[in-house]
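Shown below: target21.csv, with CSV, C-alpha atoms.
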```
chain,number,residue,atom,x,y,z
I,17,MET,CA,-97.9,-16.0,49.6
I,18,LYS,CA,-98.7,-13.3,47.1
I,19,ARG,CA,-97.2,-10.7,49.5
I,20,GLY,CA,-93.9,-12.7,49.7
I,21,LEU,CA,-93.6,-13.0,45.9
I,22,LEU,CA,-94.3,-9.3,45.5
I,23,SER,CA,-91.5,-8.4,48.0
I,24,THR,CA,-89.0,-10.7,46.3
I,25,PHE,CA,-89.9,-9.1,42.9
I,26,CYS,CA,-89.4,-5.6,44.3
I,27,PHE,CA,-86.0,-6.5,45.8
I,28,VAL,CA,-84.7,-8.0,42.6
I,29,ALA,CA,-85.9,-5.0,40.6
I,30,ALA,CA,-84.3,-2.5,43.0
I,31,SER,CA,-81.0,-4.5,42.9
I,32,ALA,CA,-81.0,-4.3,39.1
I,33,VAL,CA,-81.6,-0.6,39.1
I,34,ASN,CA,-78.7,0.0,41.6
I,35,THR,CA,-76.4,-2.2,39.6
I,36,ALA,CA,-77.2,-0.3,36.4
I,37,SER,CA,-76.7,3.0,38.1
I,38,ALA,CA,-73.3,1.9,39.5
I,39,ALA,CA,-72.2,0.9,36.0
I,40,ASP,CA,-72.9,4.4,34.8
I,41,LEU,CA,-70.6,6.0,37.4
I,42,PRO,CA,-67.1,7.0,36.2
I,43,VAL,CA,-64.2,4.7,37.2
I,44,LYS,CA,-61.3,6.6,38.9
I,45,ALA,CA,-58.0,6.0,37.1
I,46,ARG,CA,-55.2,4.3,38.9
I,47,TYR,CA,-52.5,6.7,40.1
I,48,THR,CA,-49.2,6.5,38.2
I,49,PRO,CA,-46.4,8.5,39.8
I,50,PRO,CA,-44.5,10.8,37.4
I,51,PRO,CA,-41.1,9.6,36.2
I,52,PRO,CA,-38.2,10.8,38.3
I,53,VAL,CA,-36.3,14.0,37.3
I,54,PHE,CA,-32.9,13.1,36.0
I,55,SER,CA,-30.0,14.4,38.1
I,56,TRP,CA,-26.4,14.7,36.9
I,57,THR,CA,-25.1,14.5,40.4
I,58,GLY,CA,-22.8,11.5,40.9
I,59,CYS,CA,-19.6,9.9,39.8
I,60,TYR,CA,-19.2,8.0,36.5
I,61,LEU,CA,-17.0,5.7,34.5
I,62,GLY,CA,-16.9,5.4,30.7
I,63,ALA,CA,-15.2,4.7,27.5
I,64,ASN,CA,-14.5,6.9,24.5
I,65,ALA,CA,-13.3,6.7,20.9
I,66,GLY,CA,-12.6,9.1,18.1
I,67,GLY,CA,-10.0,10.8,16.0
I,68,VAL,CA,-7.1,13.3,16.4
I,69,TRP,CA,-5.5,15.6,13.9
I,70,GLY,CA,-2.2,17.1,14.9
I,71,SER,CA,0.2,19.8,13.7
I,72,ALA,CA,3.8,19.8,15.0
I,73,SER,CA,5.9,22.9,14.6
I,74,ASP,CA,9.7,22.2,14.5
I,75,GLY,CA,11.9,25.4,14.8
I,76,TRP,CA,15.6,25.3,14.0
I,77,ALA,CA,17.9,28.1,15.1
I,78,ALA,CA,21.5,27.6,13.9
I,79,ASN,CA,24.2,29.6,15.6
I,80,PRO,CA,24.8,32.7,13.5
I,81,LEU,CA,28.3,33.5,14.9
I,82,PRO,CA,31.2,33.5,12.4
I,83,GLY,CA,32.8,30.1,12.1
I,84,ALA,CA,29.8,28.3,13.2
I,85,PHE,CA,28.2,27.4,9.8
I,86,HIS,CA,28.4,28.1,6.2
I,87,GLY,CA,24.8,29.5,5.8
I,88,SER,CA,23.3,29.4,9.3
I,89,ALA,CA,20.3,31.5,8.1
I,90,PHE,CA,19.7,28.9,5.4
I,91,ILE,CA,19.9,26.0,7.8
I,92,SER,CA,17.5,27.8,10.2
I,93,ALA,CA,15.0,28.6,7.5
I,94,ASN,CA,14.9,25.2,5.8
I,95,GLY,CA,15.2,23.1,8.9
I,96,SER,CA,12.1,24.8,10.4
I,97,ASN,CA,8.9,23.2,9.3
I,98,THR,CA,5.5,21.9,10.2
I,99,MET,CA,4.5,18.3,10.2
I,100,THR,CA,0.9,17.0,10.3
I,101,GLY,CA,-0.7,13.7,11.0
I,102,SER,CA,-3.9,12.0,12.1
I,103,SER,CA,-4.8,8.9,14.2
I,104,PHE,CA,-7.5,7.0,16.0
I,105,VAL,CA,-7.8,7.7,19.7
I,106,GLY,CA,-9.6,5.6,22.3
I,107,GLY,CA,-9.6,5.0,26.0
I,108,GLY,CA,-11.5,5.7,29.2
I,109,GLN,CA,-12.6,8.4,31.6
I,110,ILE,CA,-13.7,8.9,35.2
I,111,GLY,CA,-15.4,11.9,36.7
I,112,CYS,CA,-17.9,13.4,39.1
I,113,ASN,CA,-20.6,16.0,38.7
I,114,TYR,CA,-22.7,18.1,41.0
I,115,GLN,CA,-25.9,19.7,39.8
I,116,ALA,CA,-27.3,22.8,41.4
I,117,GLY,CA,-30.6,23.9,39.7
I,118,GLN,CA,-29.9,24.0,36.0
I,119,PHE,CA,-26.1,24.2,36.3
I,120,VAL,CA,-23.7,21.4,36.5
I,121,LEU,CA,-20.1,21.5,37.9
I,122,GLY,CA,-17.7,18.6,37.5
I,123,ILE,CA,-14.2,17.3,37.1
I,124,GLU,CA,-13.0,14.5,34.8
I,125,GLY,CA,-9.8,12.7,34.0
I,126,ASP,CA,-9.1,10.5,30.9
I,127,LEU,CA,-6.4,8.4,29.3
I,128,ASP,CA,-6.4,7.7,25.6
I,129,SER,CA,-4.1,5.6,23.4
I,130,SER,CA,-2.8,7.5,20.3
I,131,ASP,CA,-0.7,6.7,17.3
I,132,LEU,CA,-0.4,10.3,16.0
I,133,SER,CA,2.8,10.8,14.0
I,134,GLY,CA,4.3,12.8,11.1
I,135,ALA,CA,7.5,13.2,9.2
I,136,ARG,CA,9.2,15.5,6.8
I,137,ASP,CA,12.3,15.2,4.5
I,138,LEU,CA,14.0,17.9,2.4
I,139,ALA,CA,17.0,17.7,0.2
I,140,THR,CA,18.1,21.1,-1.1
I,141,LEU,CA,21.0,23.2,-2.1
I,142,ASP,CA,22.3,26.4,-0.4
I,143,PHE,CA,22.9,28.5,-3.5
I,144,ALA,CA,24.8,31.1,-1.5
I,145,PHE,CA,27.5,28.6,-0.7
I,146,GLY,CA,26.9,25.9,-3.3
I,147,LEU,CA,26.5,23.3,-0.5
I,148,PRO,CA,23.8,20.5,-0.4
I,149,ARG,CA,21.8,20.1,2.7
I,150,THR,CA,19.5,17.3,3.7
I,151,PHE,CA,17.0,17.8,6.5
I,152,HIS,CA,14.8,15.2,8.3
I,153,SER,CA,12.3,15.6,11.1
I,154,ASP,CA,9.6,13.4,12.7
I,155,PHE,CA,7.3,13.3,15.7
I,156,SER,CA,5.0,10.8,17.4
I,157,GLU,CA,2.6,10.6,20.3
I,158,ARG,CA,1.9,7.4,22.2
I,159,TRP,CA,-0.7,8.4,24.7
I,160,LEU,CA,-2.6,11.5,25.9
I,161,SER,CA,-4.2,12.2,29.2
I,162,THR,CA,-6.2,15.2,30.5
I,163,VAL,CA,-7.5,16.4,33.8
I,164,ARG,CA,-10.2,19.0,33.3
I,165,GLY,CA,-12.9,20.9,35.0
I,166,ARG,CA,-16.4,21.0,33.5
I,167,ILE,CA,-19.2,23.6,33.7
I,168,GLY,CA,-22.5,23.1,31.9
I,169,VAL,CA,-26.2,24.0,31.6
I,170,THR,CA,-29.0,21.4,31.4
I,171,PHE,CA,-32.0,21.5,29.0
I,172,GLY,CA,-34.2,18.6,30.0
I,173,ASP,CA,-32.1,15.4,29.6
I,174,TRP,CA,-29.4,17.3,27.7
I,175,LEU,CA,-26.2,18.8,29.1
I,176,VAL,CA,-24.2,21.4,27.2
I,177,TYR,CA,-20.8,22.1,28.7
I,178,GLY,CA,-17.4,23.7,28.4
I,179,THR,CA,-14.2,22.2,29.7
I,180,GLY,CA,-10.6,23.0,30.3
I,181,GLY,CA,-7.5,21.8,32.2
I,182,VAL,CA,-4.2,20.1,31.9
I,183,ALA,CA,-3.0,17.8,29.1
I,184,ILE,CA,-0.1,15.3,29.5
I,185,ALA,CA,1.3,13.3,26.6
I,186,LYS,CA,4.2,10.9,25.7
I,187,LEU,CA,6.0,12.6,22.8
I,188,SER,CA,9.0,11.8,20.7
I,189,TYR,CA,10.9,14.1,18.2
I,190,THR,CA,13.9,13.4,15.9
I,191,ASP,CA,15.8,16.1,14.0
I,192,THR,CA,18.6,15.2,11.5
I,193,LEU,CA,20.9,17.3,9.4
I,194,LEU,CA,23.1,15.7,6.7
I,195,LEU,CA,26.0,17.6,5.1
I,196,PRO,CA,27.0,15.3,2.2
I,197,LEU,CA,30.2,17.1,1.2
I,198,ALA,CA,31.6,16.9,4.7
I,199,GLY,CA,30.1,13.4,5.3
I,200,THR,CA,28.6,14.7,8.5
I,201,VAL,CA,25.3,13.4,9.9
I,202,ASP,CA,23.9,14.7,13.2
I,203,THR,CA,20.8,13.5,14.8
I,204,ALA,CA,19.1,14.8,18.0
I,205,SER,CA,16.3,12.5,19.4
I,206,VAL,CA,14.3,13.3,22.4
I,207,SER,CA,11.4,11.3,24.0
I,208,THR,CA,9.7,12.5,27.2
I,209,THR,CA,6.4,13.2,28.9
I,210,ARG,CA,5.3,16.8,28.5
I,211,ALA,CA,2.4,18.8,29.9
I,212,GLY,CA,0.3,21.5,28.2
I,213,TYR,CA,-3.4,22.6,28.2
I,214,ALA,CA,-6.7,21.3,26.9
I,215,VAL,CA,-9.9,23.3,26.2
I,216,GLY,CA,-13.1,22.3,24.5
I,217,GLY,CA,-16.8,21.5,25.0
I,218,GLY,CA,-19.5,19.0,24.3
I,219,VAL,CA,-23.1,17.9,24.4
I,220,GLU,CA,-24.3,15.0,26.6
I,221,LEU,CA,-27.6,13.2,26.6
I,222,ALA,CA,-29.1,11.1,29.5
I,223,LEU,CA,-30.4,7.8,28.2
I,224,SER,CA,-31.6,6.6,31.6
I,225,PRO,CA,-31.0,7.4,35.3
I,226,ASN,CA,-27.5,5.9,35.0
I,227,TRP,CA,-26.5,5.9,31.3
I,228,SER,CA,-25.5,8.8,29.1
I,229,ILE,CA,-23.8,9.4,25.7
I,230,ARG,CA,-21.9,12.5,24.5
I,231,GLY,CA,-19.9,14.1,21.7
I,232,GLU,CA,-16.9,16.2,22.6
I,233,TYR,CA,-14.3,18.4,21.0
I,234,LEU,CA,-10.9,19.2,22.6
I,235,PHE,CA,-8.0,21.5,21.5
I,236,VAL,CA,-4.7,20.5,23.0
I,237,ASP,CA,-1.5,22.5,22.9
I,238,ILE,CA,1.8,21.0,24.2
I,239,THR,CA,5.1,22.9,23.9
I,240,GLY,CA,8.5,21.2,23.9
I,241,PRO,CA,10.7,19.4,24.5
I,242,ASP,CA,13.7,21.2,23.0
I,243,SER,CA,16.8,19.5,21.7
I,244,LEU,CA,20.3,20.4,20.5
I,245,LEU,CA,22.2,19.3,17.3
I,246,ASN,CA,25.9,19.8,17.2
I,247,THR,CA,26.8,19.0,13.6
I,248,LEU,CA,30.6,19.2,14.0
I,249,PRO,CA,31.9,17.3,17.1
I,250,GLY,CA,34.4,19.2,19.0
I,251,GLU,CA,33.3,22.6,17.6
I,252,PRO,CA,30.6,23.9,20.0
I,253,LEU,CA,29.9,26.9,17.8
I,254,ALA,CA,28.3,24.5,15.2
I,255,ALA,CA,25.2,24.1,17.2
I,256,ILE,CA,21.5,24.1,16.3
I,257,ASN,CA,18.7,24.6,18.9
I,258,THR,CA,15.4,23.0,18.0
I,259,THR,CA,12.1,23.8,19.6
I,260,HIS,CA,8.8,21.9,19.2
I,261,GLU,CA,5.1,22.5,19.7
I,262,LEU,CA,2.3,20.1,19.0
I,263,LYS,CA,-1.3,21.3,18.5
I,264,GLN,CA,-4.1,18.8,18.4
I,265,HIS,CA,-7.8,18.8,17.5
I,266,ILE,CA,-9.7,15.9,19.0
I,267,GLY,CA,-13.2,14.8,18.3
I,268,ARG,CA,-14.7,11.8,20.1
I,269,ALA,CA,-17.8,10.1,21.4
I,270,ALA,CA,-18.2,8.6,24.8
I,271,LEU,CA,-20.5,6.4,26.8
I,272,ASN,CA,-20.8,6.8,30.6
I,273,TYR,CA,-22.3,4.9,33.5
I,274,LYS,CA,-23.2,7.1,36.6
I,275,PHE,CA,-23.1,5.8,40.1
I,276,ASP,CA,-25.6,7.9,42.2
I,277,TRP,CA,-24.6,8.9,45.7
I,278,VAL,CA,-28.0,10.5,46.3
I,279,ARG,CA,-31.5,9.5,45.4
```
Could you take the file, read its structure, and then write that structure out as structure tokens?
Amino acid sequence: MKRGLLSTFCFVAASAVNTASAADLPVKARYTPPPPVFSWTGCYLGANAGGVWGSASDGWAANPLPGAFHGSAFISANGSNTMTGSSFVGGGQIGCNYQAGQFVLGIEGDLDSSDLSGARDLATLDFAFGLPRTFHSDFSERWLSTVRGRIGVTFGDWLVYGTGGVAIAKLSYTDTLLLPLAGTVDTASVSTTRAGYAVGGGVELALSPNWSIRGEYLFVDITGPDSLLNTLPGEPLAAINTTHELKQHIGRAALNYKFDWVR
């Protein structure tokens, strides 16, 4: 009886010592895998919004031949001008990127609505001939689209890139010359789609494996269209060639959603 009680006591004491020793052992932390490394590879859709500031050059070249005008040089100098305007721009973009190491190559196309416009009026007197002249010019842009290549370098979740390509816009120009003494008003209006170029750059930040935001600047230059004013019907010498060029500075922010084709 005494031997049984002693054995039970020894077993309970040994169990207590083992339990205490186990409690003192360090507990191994549960393994947590590292977060996945962000990849820019994939195609994306997004929306953008910002502002545009534009400067339109309007060049007048009146026929200098004798019998064409009284004061062709005056008409050319005073008709030529620069018009400026600004507008909100907004739209969407689609593109694809491929990342190789720290470098990213891509292509993107976008389409933005624009209400960029400007106008200029000048009433003056040709002192050499004593003749009054009134000039009017205006321009407008209804939409702008670009197709551009992109090349960038990553810094963690940041992408710094340069971009360049083709710009296409819907442009309208109107040029008017009024000769009050002769009672002659001539207007040349042209509205067409023109192509030019776009260059710029930006910074983009990955918010998650699929979402990113960015800020971007673009410079756009579109030359033309040209038009012709004939201020005296039936007299082809009384002609004025007008040329146009629109330069734009665009700043905008964008939000993109990327569709991964690889994991």
Of the listed residues I:Ala211, I:Leu121, I:Leu138, I:Leu262, that which approaches Leu193 (chain I) most closely, counting all atoms listed in the file: I:Leu138
Please provide the set of residues having any atom within 12 Å of Ser55 (chain I), restricted to all atoms listed in the file, with same-chain residues fewer than 2 positions apart removed, written as a PDB file with C-alpha atoms, keeping the file's coordinate frame.
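Now in around.pdb:
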```pdb
ATOM      1  CA  PRO I  52     -38.200  10.800  38.300  1.00  0.00           C
ATOM      2  CA  VAL I  53     -36.300  14.000  37.300  1.00  0.00           C
ATOM      3  CA  THR I  57     -25.100  14.500  40.400  1.00  0.00           C
ATOM      4  CA  GLY I  58     -22.800  11.500  40.900  1.00  0.00           C
ATOM      5  CA  CYS I  59     -19.600   9.900  39.800  1.00  0.00           C
ATOM      6  CA  ASN I 113     -20.600  16.000  38.700  1.00  0.00           C
ATOM      7  CA  TYR I 114     -22.700  18.100  41.000  1.00  0.00           C
ATOM      8  CA  GLN I 115     -25.900  19.700  39.800  1.00  0.00           C
ATOM      9  CA  ALA I 116     -27.300  22.800  41.400  1.00  0.00           C
ATOM     10  CA  GLY I 117     -30.600  23.900  39.700  1.00  0.00           C
ATOM     11  CA  GLN I 118     -29.900  24.000  36.000  1.00  0.00           C
ATOM     12  CA  PHE I 119     -26.100  24.200  36.300  1.00  0.00           C
ATOM     13  CA  VAL I 120     -23.700  21.400  36.500  1.00  0.00           C
ATOM     14  CA  THR I 170     -29.000  21.400  31.400  1.00  0.00           C
ATOM     15  CA  PHE I 171     -32.000  21.500  29.000  1.00  0.00           C
ATOM     16  CA  GLY I 172     -34.200  18.600  30.000  1.00  0.00           C
ATOM     17  CA  ASP I 173     -32.100  15.400  29.600  1.00  0.00           C
ATOM     18  CA  TRP I 174     -29.400  17.300  27.700  1.00  0.00           C
ATOM     19  CA  LEU I 175     -26.200  18.800  29.100  1.00  0.00           C
ATOM     20  CA  LEU I 221     -27.600  13.200  26.600  1.00  0.00           C
ATOM     21  CA  ALA I 222     -29.100  11.100  29.500  1.00  0.00           C
ATOM     22  CA  LEU I 223     -30.400   7.800  28.200  1.00  0.00           C
ATOM     23  CA  SER I 224     -31.600   6.600  31.600  1.00  0.00           C
ATOM     24  CA  PRO I 225     -31.000   7.400  35.300  1.00  0.00           C
ATOM     25  CA  ASN I 226     -27.500   5.900  35.000  1.00  0.00           C
ATOM     26  CA  TRP I 227     -26.500   5.900  31.300  1.00  0.00           C
ATOM     27  CA  SER I 228     -25.500   8.800  29.100  1.00  0.00           C
ATOM     28  CA  LYS I 274     -23.200   7.100  36.600  1.00  0.00           C
ATOM     29  CA  PHE I 275     -23.100   5.800  40.100  1.00  0.00           C
ATOM     30  CA  ASP I 276     -25.600   7.900  42.200  1.00  0.00           C
ATOM     31  CA  TRP I 277     -24.600   8.900  45.700  1.00  0.00           C
ATOM     32  CA  VAL I 278     -28.000  10.500  46.300  1.00  0.00           C
ATOM     33  CA  ARG I 279     -31.500   9.500  45.400  1.00  0.00           C
TER      34      ARG I 279
END
```
Tyr213 (chain I) environment, 12 Å, only C-alpha atoms, sequence neighbours closer than 6 positions dropped, as a PyMOL selection string: chain I and resi 160-165+179-185+234-239+262-264
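Checking I:Ala65, I:Leu141, I:Ala78, I:Leu244 one by one against Glu232 (chain I), counting only C-alpha atoms, you find the shortest gap at I:Ala65.
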Interatomic distance (Å, one decimal) between CA of Gly70 (chain I) and CA of Ser205 (chain I): 19.6 Å
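Nearest to Arg158 (chain I) of all the residues I:Phe104, I:Tyr273, I:Tyr177, I:Phe85 is I:Phe104, based on all atoms listed in the file.
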